[in-house]
Amino acid sequence: MATSGNSAAASHVGRVRANNQDSAYAGTHLFIVADGMGGHAGGDVASAITVKHVVEADRIFTDPDEAAQVLHDTLIAANHILSDTVIEHNELTGMGTTVSGMVRVGNKMAMAHIGDSRIYLLRDGEMKQITHDHTFVQRLVESGRITLEEAAVHPRRSVLMRVLGDVDASPEIDTEVFDTRSGDRWLLCSDGLSSFVTEDKIAATLRRVTDPDAATERLVQASLDQGAPDNVTVVLVDIGDDETSAHVPPLTVGSAASPLSFEPTIAKKPIRLPNLLLHPLKATQPDDSHFEPESDEYYQAIIREDRRRVRRRHLSWIAFITITIAAIAGGLIVGYQYTQQQFYVGADDGQVAIYQGVQQDIGPISMSHVYQVTDIRMTDLPLYRRASVENTINAHDLEDARRIVRTLSDARLP
C-alpha cells in the first residue's frame, strides 16, 4: 500500500519560562530544531538567528554527503553571525544554541547536530536515538562513572559541552548520512521534550497517532502534563513512497517565527579583545542550561566535584542510618526497661509464682520471666482461685504482687 510523506512542527513556551528560546523549521527539504541558551536576553535571539540563517540550506541536493557538508558549513556561518552579533549588542554576551537538523535527499537523510537537542528514528515500531548528546553527564555515562538513571537527576545534567554561539569560535559539529525508507518517522525535539517525557511514552505516541500534526501536539501536551519547566519544541517528518516530506508552505515555530528586535550584523569580524575583557558578565539571572568548554581540565575538576558529592551523599546516608538505628535501639531499651518494672502472678510448674515483665512475646523473645517461685501449690487453691492464677493476675508493682501472694496463701484449702 502506498504511503504519503508529510511533516509537522509545534513549539510551546512551557509552564515556567517567560519567553520561548526554542526555534524550529519544517520546510521543503530541511527540518531543524534549535534550543537557545543564555537567559532571557539571549537564548531566543541565538536560536532565531541560527534557524533564519540555516533555512538557506533548504534546497534540492543530489548528493547526501554534499547536503551534510552544506548543512555543516551553514551552521559554522551561523556561529560566526552569532559572535558578530554580540559585538554589536554586548548585552547578548554568552548566548548560544543547540542545533539538530537534517536534509532529505531521496532515500537518505543528511544530519548535522551539536548540543543536546535530539533526533529519533521510529522504524517498524522501534524507536532509537540517532544523535549523541554533547553534555557533561553523557560523558560521565560513556566513561562508566554514572548510570543513565543517575544522569537523569545529576546536578550537572544541564551543562553543555558543545553549542553554537559566542562561546566557541570553531565548534565541533557532528554530521552523518542515514538511510531512510517508506514508513519511517523522524522526530526532532528540544530537551523540553526528551528530558521530561520518557522515550517509551514518546515512542508509544508516535506509533499510535498517525497524523503528524496531531502527533506533534500530543507530544507537546505530554511535556505540559509533566509540568513543562522548559520550552518544548517538536518537528515530525514522515517518509512516504515519494521523495519529499515537504511542509507546504514551510513552517517556522518558536522565537524564529517572530521578527528580531534588531538586525544581526554579518560584516567581516574585526580584531577584538577576548570576550570576557570586552563584555563583562551580565548581572542577570543565569539560565539553567549553560556551556562549559570541552576540556580535560574542566572534566577532571567536575569529576572531583562529583566524587565529593557522592561521598557527601554516602556520609549523609550513613549518618541517617546510624541515627535511625540509635533511635530504634534507644526506644527498645526504654521499652524493655519499662516492661521490667511490671509484675504479675501466675503459675509455674504447678506452683504459684511472681513474674517480672509483661505478658507478651515479640516473636521468639519473651517479655517476662519468673522472678520468684512461692511454696503455694496450685492444687492447694480453691478452683476459682486456681483459675485466676492460671489466667494470671496483674499487679501494680512488686509489693502489690507479694500482697496477692499472701492473699492466695491465706486462701489455701485446709
# chains A, B, ... in the order shown; residues from 1 in each chain; ligands from 1
>>> select_by_dssp(residues="stretch 10-256 of chain A", states="alpha helix (DSSP H)", output="ChimeraX atom specification")
/A:43-54,64-88,136-142,148-152,191-194,199-208,212-225
>>> residues_around(residues="stretch 194-209 of chain A", least_positions_apart="6", cutoff="8 Å", atoms="only C-alpha atoms", output="PDB file with N, CA and C atoms, in the first residue's frame")
ATOM      1  N   ARG A 118      17.645  16.559  20.157  1.00  0.00           N
ATOM      2  CA  ARG A 118      17.791  15.178  19.694  1.00  0.00           C
ATOM      3  C   ARG A 118      17.043  14.909  18.397  1.00  0.00           C
ATOM      4  N   LEU A 122      11.850   6.353  14.298  1.00  0.00           N
ATOM      5  CA  LEU A 122      10.914   5.257  14.571  1.00  0.00           C
ATOM      6  C   LEU A 122      10.788   4.434  13.293  1.00  0.00           C
ATOM      7  N   GLY A 125       8.088   0.238  14.258  1.00  0.00           N
ATOM      8  CA  GLY A 125       7.591   0.264  15.631  1.00  0.00           C
ATOM      9  C   GLY A 125       8.649   0.422  16.689  1.00  0.00           C
ATOM     10  N   GLU A 126       9.935   0.406  16.306  1.00  0.00           N
ATOM     11  CA  GLU A 126      11.031   0.546  17.266  1.00  0.00           C
ATOM     12  C   GLU A 126      11.685   1.913  17.109  1.00  0.00           C
ATOM     13  N   MET A 127      11.907   2.608  18.245  1.00  0.00           N
ATOM     14  CA  MET A 127      12.492   3.941  18.202  1.00  0.00           C
ATOM     15  C   MET A 127      13.913   3.913  18.756  1.00  0.00           C
ATOM     16  N   ALA A 152      19.931  11.240  34.903  1.00  0.00           N
ATOM     17  CA  ALA A 152      18.655  11.953  34.833  1.00  0.00           C
ATOM     18  C   ALA A 152      18.464  12.919  35.986  1.00  0.00           C
ATOM     19  N   ARG A 185       9.517   7.330  10.649  1.00  0.00           N
ATOM     20  CA  ARG A 185       9.124   8.612  11.250  1.00  0.00           C
ATOM     21  C   ARG A 185      10.356   9.181  11.940  1.00  0.00           C
ATOM     22  N   ALA A 215       0.197  14.281  16.175  1.00  0.00           N
ATOM     23  CA  ALA A 215       1.271  13.660  16.952  1.00  0.00           C
ATOM     24  C   ALA A 215       2.158  14.708  17.617  1.00  0.00           C
ATOM     25  N   ARG A 218       0.304  16.192  20.466  1.00  0.00           N
ATOM     26  CA  ARG A 218       0.201  15.231  21.572  1.00  0.00           C
ATOM     27  C   ARG A 218       1.519  15.170  22.361  1.00  0.00           C
ATOM     28  N   LEU A 219       2.648  15.237  21.661  1.00  0.00           N
ATOM     29  CA  LEU A 219       3.941  15.208  22.330  1.00  0.00           C
ATOM     30  C   LEU A 219       4.161  16.473  23.166  1.00  0.00           C
ATOM     31  N   ALA A 222       2.151  16.177  26.227  1.00  0.00           N
ATOM     32  CA  ALA A 222       2.741  15.242  27.190  1.00  0.00           C
ATOM     33  C   ALA A 222       3.763  15.943  28.063  1.00  0.00           C
ATOM     34  N   SER A 223       4.545  16.852  27.480  1.00  0.00           N
ATOM     35  CA  SER A 223       5.502  17.627  28.266  1.00  0.00           C
ATOM     36  C   SER A 223       4.787  18.592  29.206  1.00  0.00           C
ATOM     37  N   GLN A 226       3.640  17.069  32.294  1.00  0.00           N
ATOM     38  CA  GLN A 226       4.705  16.823  33.262  1.00  0.00           C
ATOM     39  C   GLN A 226       5.163  18.111  33.941  1.00  0.00           C
ATOM     40  N   ALA A 228       6.175  20.865  32.290  1.00  0.00           N
ATOM     41  CA  ALA A 228       6.872  21.633  31.254  1.00  0.00           C
ATOM     42  C   ALA A 228       7.672  22.795  31.821  1.00  0.00           C
TER      43      ALA A 228
END
>>> closest_residue(among="A:Thr175, A:Val232, A:Leu164, A:Glu66", to="A:Val220", atoms="only C-alpha atoms")
A:Val232
>>> residues_around(residues="A:Ser182", least_positions_apart="2", cutoff="6 Å", atoms="only C-alpha atoms", output="VMD selection string")
chain A and resid 184 239 to 241
>>> write_last_selection(atoms="C-alpha atoms", output="CSV table (one decimal), in the first residue's frame")
chain,number,residue,atom,x,y,z
A,184,ASP,CA,10.0,5.8,8.8
A,239,ILE,CA,8.7,9.2,5.0
A,240,GLY,CA,6.4,8.1,2.2
A,241,ASP,CA,6.9,6.4,-1.2
>>> atom_distance(atom1="atom CA of A:Leu236", atom2="atom CA of A:Met111")
14.6 Å
>>> closest_residue(among="A:Asp65, A:Asp35, A:Glu150, A:Asp166", to="A:Val86", atoms="only C-alpha atoms")
A:Asp166
>>> atom_distance(atom1="atom CA of A:Val352", atom2="atom CA of A:Ile365")
22.8 Å
